[in-house]
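Working notes, structure below.
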Amino acid sequence: MRELETLIFDDGAALLTTAAARFVDAVARAQDARGRAVLALTGGSNGIGVLRELAADPDAVDWTRVDLYWGDERFLPEQDPERNAWQARQALLDSVPLDPARVHFMPASDGEFGDDLDAATRAYAELITDDLVFDVHLLGMGGEGHINSLFPHTAATAEDTASVVAVSDSPKPPPRRITLTFPVINRSREVWFLVSGAEKAEAVAAAHTGADRADWPCAGAHGTERTVWFVDEAAAAGLSGD
Ligand SMILES: O=C1O[C@H](COP(=O)(O)O)[C@@H](O)[C@H](O)[C@H]1O
C-alpha cells in the first residue's frame with residue numbers, strides 16, 4: 001500500500017519541527033520492527049535544518065541502532081564545508097552516540113580513493129547491496145526539481161540499473177558529485193521531501209501532477225509504503241488545494 005501525504009506548513013520553521021518529530025517516530029518504529037533504522041540523509045537547507053532540529057533533543061533517538069547513508073555528496077575534501085557530510089556532522093552527527101561502523105559517508109576527494117571520482121563511486125556502490133532498504137530516505141529539492149544529485153535531462157536521472165553513479169558536470173556547483181539513483185530511492189519504505197520557498201513551487205506542483213522524471217526528477221521518487229511532502233506555504237503555492 002502506497003500512501004501520499006502532503007503536509008503544508010505556515011513557514012519553514014514549523015516544517016522542520018514536524019519533520020524532526022516524525023523522524024523520531026519513524027526511527028523508533030523501524031527499531032521496534034527490525035532492530036535498527038536505516039536512513040538516507042540529504043544535504044541542502046532543509047536536509048541539514050532537520051538535523052539541527054534533532055540536535056535540540058538528542059536523547060529522543062536511540063542513535064546506537066541507526067545506520068546512516070547519504071543520498072548524494074559533493075566530491076570535495078573531507079573538511080570542505082560544502083560537503084553534505086561535513087554539514088551533517090556540525091549540525092548533529094558529532095554530538096550524538098552513533099556507532100562509527102554504521103555511519104557510511106560517501107568518499108571525499110582527499111580520502112582513500114584520492115581524486116578518482118569513479119573509484120570512489122564504485123566503492124560506495126559496493127555498500128549499497130541489493131537487499132539494503134532505507135526506512136526513510138530524506139530528500140531536499142532544487143527549484144528545477146533535482147533531488148540528490150539527479151538533475152533534469154541527465155544520465156544519472158535516466159539510470160535504471162546502477163545504484164550509485166558519478167556526476168562530473170553537475171549544473172549546480174560543485175560539478176563533481178556522487179549520487180544514489182532512482183532504483184535505490186524507490187525501494188525505500190518512506191521517501192520524505194523537505195521543501196520550502198517560492199522558487200520551488202513549480203517543481204512541487206509538477207511532482208503532484210505526474211510529470212516526467214526526466215523533466216522534473218522530483219516527480220520520479222516514491223516510497224514503497226509512503227511518500228511524504230513537507231512543504232511550506234510558499235512552496236505549496238502551485239498545488240490545487242484539493
Ligand atoms: O545540491 C544539493 O541540493 C539539494 C537541495 O538543496 P537546497 O539547499 O535547495 O534545499 C540537496 O538536497 C542535495 O543533497 C544537495 O547536494
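Chain labels run A, B, ... following the order of the C-alpha cells; each chain numbers its residues from 1, and ligands are numbered from 1 in the order shown.
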
Give me, as a Markdown table, each residue of chain A that comes within 6 Å of ligand 1, together with its shortest interatomic pair and the distance in Å at one decimal, counting only C-alpha atoms and all ligand atoms, with rows ordered by chain and rising residue number.
| residue | atom | partner | partner_atom_place_in_ligand_line | distance |
| --- | --- | --- | --- | --- |
| A:Thr42 | CA | ligand 1 | 14 (O) | 4.4 |
| A:Gly43 | CA | ligand 1 | 14 (O) | 3.5 |
| A:Gly44 | CA | ligand 1 | 8 (O) | 3.4 |
| A:Ser45 | CA | ligand 1 | 8 (O) | 4.0 |
| A:Asn46 | CA | ligand 1 | 10 (O) | 5.3 |
| A:Asp72 | CA | ligand 1 | 14 (O) | 5.5 |
| A:Glu73 | CA | ligand 1 | 16 (O) | 5.7 |
| A:Leu139 | CA | ligand 1 | 12 (O) | 5.4 |
| A:Gly140 | CA | ligand 1 | 12 (O) | 3.3 |
| A:Met141 | CA | ligand 1 | 5 (C) | 4.3 |
| A:Gly142 | CA | ligand 1 | 9 (O) | 4.6 |
| A:Ile147 | CA | ligand 1 | 12 (O) | 5.7 |
| A:Asn148 | CA | ligand 1 | 14 (O) | 4.7 |
| A:Ser149 | CA | ligand 1 | 16 (O) | 5.8 |

Exercise for review: From a DSSP pass on the backbone, collect the residues of range 12-232 of chain A flagged as strand (DSSP E) and hand them back as a PyMOL selection string.
Suggested key: chain A and resi 37-41+66-70+72-74+136-139+164-167+177-180+190-195+226-232

Please write the residues from the selection above to a file, keeping N, CA and C atoms, as a compact mmCIF listing (two decimals), in the first residue's frame.
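Final file, result_37.txt:
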# COMPACT_ATOMS: atom_id res chain seq x y z
N ALA A 37 17.27 1.22 12.48
CA ALA A 37 16.68 2.13 11.50
C ALA A 37 17.76 2.45 10.47
N VAL A 38 17.41 2.28 9.20
CA VAL A 38 18.36 2.51 8.10
C VAL A 38 17.89 3.75 7.35
N LEU A 39 18.74 4.76 7.35
CA LEU A 39 18.30 6.08 6.86
C LEU A 39 19.24 6.62 5.81
N ALA A 40 18.66 7.31 4.82
CA ALA A 40 19.48 8.04 3.84
C ALA A 40 19.29 9.52 4.12
N LEU A 41 20.39 10.19 4.40
CA LEU A 41 20.34 11.64 4.67
C LEU A 41 20.54 12.41 3.37
N VAL A 66 21.16 3.07 14.68
CA VAL A 66 20.84 3.78 13.44
C VAL A 66 21.97 3.55 12.43
N ASP A 67 21.60 3.20 11.21
CA ASP A 67 22.58 3.07 10.12
C ASP A 67 22.35 4.23 9.15
N LEU A 68 23.41 4.99 8.92
CA LEU A 68 23.28 6.18 8.08
C LEU A 68 24.02 6.04 6.75
N TYR A 69 23.34 6.48 5.71
CA TYR A 69 23.91 6.56 4.36
C TYR A 69 23.59 7.96 3.85
N TRP A 70 24.18 8.31 2.72
CA TRP A 70 23.86 9.62 2.11
C TRP A 70 23.23 9.42 0.74
N ASP A 72 23.33 11.79 -1.58
CA ASP A 72 24.31 12.33 -2.52
C ASP A 72 25.39 13.08 -1.74
N GLU A 73 26.47 13.35 -2.45
CA GLU A 73 27.58 14.07 -1.82
C GLU A 73 28.33 14.87 -2.87
N ARG A 74 28.85 15.98 -2.42
CA ARG A 74 29.72 16.80 -3.26
C ARG A 74 31.13 16.23 -3.12
N VAL A 136 13.73 5.35 5.85
CA VAL A 136 13.36 6.70 5.39
C VAL A 136 14.51 7.23 4.52
N HIS A 137 14.16 7.71 3.36
CA HIS A 137 15.13 8.43 2.51
C HIS A 137 14.69 9.89 2.51
N LEU A 138 15.49 10.76 3.12
CA LEU A 138 15.21 12.19 3.11
C LEU A 138 15.66 12.78 1.78
N LEU A 139 14.88 13.73 1.29
CA LEU A 139 15.25 14.42 0.04
C LEU A 139 15.02 15.92 0.18
N VAL A 164 24.41 3.56 -7.65
CA VAL A 164 25.18 4.77 -7.34
C VAL A 164 25.91 5.19 -8.60
N VAL A 165 25.87 6.46 -8.93
CA VAL A 165 26.61 6.92 -10.12
C VAL A 165 27.41 8.18 -9.79
N ALA A 166 28.41 8.41 -10.61
CA ALA A 166 29.22 9.63 -10.52
C ALA A 166 28.58 10.69 -11.41
N VAL A 167 28.64 11.92 -10.94
CA VAL A 167 28.20 13.06 -11.75
C VAL A 167 29.43 13.96 -11.89
N ARG A 177 30.15 15.06 -8.18
CA ARG A 177 29.30 14.55 -7.11
C ARG A 177 29.14 13.04 -7.22
N ILE A 178 28.62 12.45 -6.15
CA ILE A 178 28.25 11.02 -6.15
C ILE A 178 26.78 11.00 -5.73
N THR A 179 25.99 10.17 -6.40
CA THR A 179 24.56 10.17 -6.05
C THR A 179 23.96 8.78 -6.10
N LEU A 180 23.03 8.52 -5.19
CA LEU A 180 22.15 7.35 -5.32
C LEU A 180 21.18 7.64 -6.45
N GLU A 190 9.96 4.66 3.06
CA GLU A 190 9.36 6.00 3.05
C GLU A 190 10.33 6.97 2.38
N VAL A 191 9.78 7.84 1.55
CA VAL A 191 10.56 8.91 0.94
C VAL A 191 9.95 10.22 1.41
N TRP A 192 10.78 11.08 1.98
CA TRP A 192 10.30 12.37 2.51
C TRP A 192 10.97 13.51 1.76
N PHE A 193 10.15 14.39 1.24
CA PHE A 193 10.65 15.61 0.62
C PHE A 193 10.55 16.74 1.64
N LEU A 194 11.63 17.51 1.78
CA LEU A 194 11.65 18.66 2.70
C LEU A 194 11.88 19.90 1.85
N VAL A 195 10.83 20.67 1.62
CA VAL A 195 10.91 21.70 0.58
C VAL A 195 10.28 23.01 1.05
N ARG A 226 5.19 4.82 1.81
CA ARG A 226 4.69 6.19 1.99
C ARG A 226 5.64 7.21 1.36
N THR A 227 5.02 8.21 0.77
CA THR A 227 5.77 9.36 0.27
C THR A 227 5.20 10.57 1.00
N VAL A 228 6.06 11.32 1.64
CA VAL A 228 5.57 12.48 2.40
C VAL A 228 6.25 13.75 1.87
N TRP A 229 5.42 14.71 1.52
CA TRP A 229 5.92 16.04 1.13
C TRP A 229 5.71 16.97 2.32
N PHE A 230 6.80 17.49 2.87
CA PHE A 230 6.75 18.53 3.89
C PHE A 230 7.04 19.83 3.13
N VAL A 231 6.05 20.68 2.99
CA VAL A 231 6.26 21.91 2.20
C VAL A 231 5.74 23.12 2.98
N ASP A 232 6.40 24.24 2.79
CA ASP A 232 5.85 25.45 3.39
C ASP A 232 4.84 26.08 2.41

Exercise for review: Go through range 25-165 of chain A and collect every residue that DSSP, computed from the backbone, puts in alpha helix (DSSP H); the answer should be as JSON, numbers by chain.
Suggested key: {"A": [25, 26, 27, 28, 29, 30, 31, 32, 33, 34, 44, 45, 46, 47, 48, 49, 50, 51, 52, 53, 54, 55, 84, 85, 86, 87, 88, 89, 90, 91, 117, 118, 119, 120, 121, 122, 123, 124, 125, 126, 127, 155, 156, 157, 158]}

Include N, CA and C atoms and write out the residues we just selected as a compact mmCIF listing (two decimals), in the first residue's frame.
# COMPACT_ATOMS: atom_id res chain seq x y z
N ASP A 25 9.76 9.39 15.47
CA ASP A 25 8.77 8.29 15.44
C ASP A 25 9.17 7.21 14.45
N ALA A 26 9.59 7.64 13.26
CA ALA A 26 9.91 6.67 12.20
C ALA A 26 11.10 5.80 12.62
N VAL A 27 12.09 6.42 13.28
CA VAL A 27 13.26 5.66 13.73
C VAL A 27 12.81 4.64 14.79
N ALA A 28 11.99 5.07 15.73
CA ALA A 28 11.54 4.16 16.80
C ALA A 28 10.72 3.00 16.21
N ARG A 29 9.86 3.31 15.24
CA ARG A 29 9.04 2.25 14.62
C ARG A 29 9.93 1.23 13.92
N ALA A 30 10.91 1.72 13.18
CA ALA A 30 11.82 0.81 12.46
C ALA A 30 12.61 -0.05 13.45
N GLN A 31 13.08 0.59 14.53
CA GLN A 31 13.87 -0.16 15.52
C GLN A 31 13.01 -1.20 16.22
N ASP A 32 11.75 -0.86 16.49
CA ASP A 32 10.84 -1.85 17.10
C ASP A 32 10.60 -3.02 16.15
N ALA A 33 10.42 -2.70 14.87
CA ALA A 33 10.06 -3.74 13.90
C ALA A 33 11.26 -4.59 13.48
N ARG A 34 12.42 -3.96 13.30
CA ARG A 34 13.54 -4.68 12.68
C ARG A 34 14.85 -4.56 13.46
N GLY A 44 21.59 20.22 1.73
CA GLY A 44 20.73 21.37 1.44
C GLY A 44 20.14 21.97 2.69
N SER A 45 19.42 23.07 2.49
CA SER A 45 18.95 23.87 3.61
C SER A 45 18.07 23.06 4.58
N ASN A 46 17.09 22.37 4.07
CA ASN A 46 16.19 21.64 4.97
C ASN A 46 16.75 20.28 5.39
N GLY A 47 17.53 19.68 4.51
CA GLY A 47 18.16 18.40 4.87
C GLY A 47 19.06 18.57 6.09
N ILE A 48 19.77 19.68 6.15
CA ILE A 48 20.63 19.97 7.30
C ILE A 48 19.80 20.60 8.42
N GLY A 49 18.80 21.38 8.04
CA GLY A 49 17.94 22.01 9.04
C GLY A 49 17.25 20.99 9.94
N VAL A 50 16.81 19.89 9.38
CA VAL A 50 16.11 18.90 10.20
C VAL A 50 17.10 18.23 11.17
N LEU A 51 18.35 18.11 10.77
CA LEU A 51 19.35 17.54 11.69
C LEU A 51 19.61 18.50 12.85
N ARG A 52 19.63 19.80 12.54
CA ARG A 52 19.82 20.81 13.61
C ARG A 52 18.67 20.73 14.60
N GLU A 53 17.49 20.55 14.06
CA GLU A 53 16.29 20.45 14.90
C GLU A 53 16.41 19.22 15.81
N LEU A 54 16.89 18.11 15.27
CA LEU A 54 17.04 16.89 16.07
C LEU A 54 18.08 17.07 17.17
N ALA A 55 19.06 17.93 16.92
CA ALA A 55 20.11 18.16 17.91
C ALA A 55 19.57 18.83 19.17
N ASN A 84 28.04 17.67 2.14
CA ASN A 84 26.83 17.37 2.91
C ASN A 84 27.19 16.71 4.24
N ALA A 85 28.17 15.81 4.20
CA ALA A 85 28.57 15.10 5.42
C ALA A 85 29.16 16.06 6.45
N TRP A 86 29.98 16.99 5.98
CA TRP A 86 30.58 17.96 6.92
C TRP A 86 29.48 18.75 7.62
N GLN A 87 28.53 19.20 6.84
CA GLN A 87 27.42 19.99 7.41
C GLN A 87 26.58 19.13 8.38
N ALA A 88 26.37 17.87 8.01
CA ALA A 88 25.59 16.98 8.88
C ALA A 88 26.32 16.73 10.20
N ARG A 89 27.63 16.62 10.12
CA ARG A 89 28.42 16.41 11.36
C ARG A 89 28.31 17.61 12.28
N GLN A 90 28.44 18.81 11.68
CA GLN A 90 28.35 20.03 12.51
C GLN A 90 26.96 20.16 13.12
N ALA A 91 25.95 19.83 12.32
CA ALA A 91 24.56 20.04 12.75
C ALA A 91 24.15 19.06 13.85
N LEU A 117 37.07 10.02 -8.90
CA LEU A 117 35.62 10.02 -8.65
C LEU A 117 34.98 8.67 -8.98
N ASP A 118 35.43 8.04 -10.07
CA ASP A 118 34.82 6.75 -10.46
C ASP A 118 35.14 5.66 -9.43
N ALA A 119 36.37 5.65 -8.95
CA ALA A 119 36.72 4.63 -7.95
C ALA A 119 35.93 4.86 -6.66
N ALA A 120 35.78 6.12 -6.29
CA ALA A 120 35.02 6.45 -5.07
C ALA A 120 33.56 6.02 -5.24
N THR A 121 33.03 6.23 -6.42
CA THR A 121 31.64 5.86 -6.69
C THR A 121 31.47 4.34 -6.64
N ARG A 122 32.41 3.63 -7.24
CA ARG A 122 32.33 2.15 -7.23
C ARG A 122 32.39 1.64 -5.79
N ALA A 123 33.22 2.26 -4.97
CA ALA A 123 33.35 1.80 -3.57
C ALA A 123 32.02 2.01 -2.83
N TYR A 124 31.37 3.15 -3.07
CA TYR A 124 30.09 3.36 -2.37
C TYR A 124 29.03 2.39 -2.88
N ALA A 125 29.08 2.09 -4.18
CA ALA A 125 28.10 1.16 -4.76
C ALA A 125 28.22 -0.22 -4.11
N GLU A 126 29.41 -0.57 -3.67
CA GLU A 126 29.58 -1.88 -3.01
C GLU A 126 28.83 -1.94 -1.69
N LEU A 127 28.64 -0.79 -1.07
CA LEU A 127 27.91 -0.74 0.21
C LEU A 127 26.40 -0.85 0.00
N ALA A 155 22.16 11.78 -17.48
CA ALA A 155 22.30 10.31 -17.47
C ALA A 155 21.99 9.75 -16.08
N ALA A 156 22.37 10.47 -15.04
CA ALA A 156 22.13 9.97 -13.68
C ALA A 156 20.63 9.84 -13.42
N THR A 157 19.87 10.78 -13.93
CA THR A 157 18.41 10.75 -13.72
C THR A 157 17.76 9.64 -14.55
N ALA A 158 18.37 9.29 -15.66
CA ALA A 158 17.82 8.23 -16.52
C ALA A 158 18.24 6.84 -16.03

Exercise for review: For Thr209 in chain A, please output as number ranges by chain all residues within 12 Å (counting only C-alpha atoms; exclusion window: fewer than 3 positions along the same chain).
Suggested key: A: 202-206, 212-213, 216, 218-220, 238-240

Could you please take those selected residues and save N, CA and C atoms as a short mmCIF file (atom, residue, chain, number, x, y, z; two decimals), in the first residue's frame?
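After the write, result.cif holds the following:
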data_model
loop_
_atom_site.label_atom_id
_atom_site.label_comp_id
_atom_site.auth_asym_id
_atom_site.auth_seq_id
_atom_site.Cartn_x
_atom_site.Cartn_y
_atom_site.Cartn_z
N GLU A 202 6.94 25.55 -8.55
CA GLU A 202 6.63 24.91 -9.84
C GLU A 202 7.02 23.42 -9.82
N ALA A 203 8.15 23.12 -9.21
CA ALA A 203 8.59 21.73 -9.13
C ALA A 203 7.65 20.91 -8.23
N VAL A 204 7.22 21.49 -7.12
CA VAL A 204 6.28 20.78 -6.22
C VAL A 204 5.00 20.46 -6.99
N ALA A 205 4.50 21.43 -7.74
CA ALA A 205 3.25 21.22 -8.50
C ALA A 205 3.47 20.15 -9.56
N ALA A 206 4.61 20.19 -10.25
CA ALA A 206 4.87 19.20 -11.31
C ALA A 206 4.89 17.79 -10.72
N ASP A 212 7.04 14.00 -15.95
CA ASP A 212 8.07 13.04 -16.35
C ASP A 212 9.32 13.31 -15.50
N ARG A 213 9.94 12.25 -14.99
CA ARG A 213 11.11 12.46 -14.12
C ARG A 213 12.30 13.04 -14.88
N TRP A 216 11.39 16.70 -14.48
CA TRP A 216 11.30 17.09 -13.06
C TRP A 216 11.68 15.85 -12.23
N CYS A 218 12.13 15.25 -9.25
CA CYS A 218 11.34 15.07 -8.02
C CYS A 218 10.07 14.26 -8.28
N ALA A 219 9.59 14.25 -9.51
CA ALA A 219 8.35 13.53 -9.82
C ALA A 219 8.56 12.02 -9.85
N GLY A 220 9.81 11.58 -9.87
CA GLY A 220 10.08 10.15 -10.01
C GLY A 220 10.35 9.42 -8.71
N GLY A 238 1.59 26.28 -5.88
CA GLY A 238 1.07 25.76 -7.15
C GLY A 238 0.16 24.56 -7.00
N LEU A 239 -0.08 24.13 -5.77
CA LEU A 239 -0.95 22.97 -5.56
C LEU A 239 -2.40 23.41 -5.61
N SER A 240 -3.27 22.50 -6.01
CA SER A 240 -4.65 22.91 -6.25
C SER A 240 -5.46 23.12 -4.98
#

Review point. Within 12 Å of Pro97 in chain A, counting only C-alpha atoms, which residues qualify if same-chain residues fewer than 6 places away don't, as a PyMOL selection string?
Key: chain A and resi 55+58-66+103

Mind writing the picked residues with N, CA and C atoms as a compact mmCIF listing (two decimals), in the first residue's frame?
# COMPACT_ATOMS: atom_id res chain seq x y z
N ALA A 55 19.06 17.93 16.92
CA ALA A 55 20.11 18.16 17.91
C ALA A 55 19.57 18.83 19.17
N PRO A 58 18.69 15.45 21.59
CA PRO A 58 19.45 14.32 21.05
C PRO A 58 19.07 12.97 21.66
N ASP A 59 18.50 12.99 22.88
CA ASP A 59 18.17 11.71 23.52
C ASP A 59 16.84 11.13 23.03
N ALA A 60 16.17 11.83 22.15
CA ALA A 60 14.87 11.33 21.66
C ALA A 60 15.05 10.11 20.75
N VAL A 61 16.26 9.90 20.27
CA VAL A 61 16.52 8.79 19.33
C VAL A 61 17.58 7.87 19.93
N ASP A 62 17.41 6.57 19.74
CA ASP A 62 18.48 5.63 20.09
C ASP A 62 19.45 5.58 18.90
N TRP A 63 20.45 6.43 18.96
CA TRP A 63 21.39 6.57 17.84
C TRP A 63 22.28 5.36 17.68
N THR A 64 22.41 4.55 18.70
CA THR A 64 23.32 3.39 18.60
C THR A 64 22.78 2.33 17.64
N ARG A 65 21.48 2.41 17.34
CA ARG A 65 20.89 1.43 16.41
C ARG A 65 20.40 2.10 15.13
N VAL A 66 21.16 3.07 14.68
CA VAL A 66 20.84 3.78 13.44
C VAL A 66 21.97 3.55 12.43
N VAL A 103 27.99 4.43 10.19
CA VAL A 103 27.85 5.73 9.50
C VAL A 103 28.64 5.65 8.20

Check your understanding: Using only C-alpha atoms, which of the listed residues (A:Ile128, A:Ala207, A:Val184, A:Ala21) sits closest to Thr224 in chain A?
Key -> A:Val184

Exercise for review: Would you mind telling me which residue in A:Ala201, A:Leu15, A:Ala56, A:Leu76 lies nearest to Pro107 in chain A when using only C-alpha atoms?
Suggested key: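 Closest to Pro107 in chain A of all the choices is A:Leu76.
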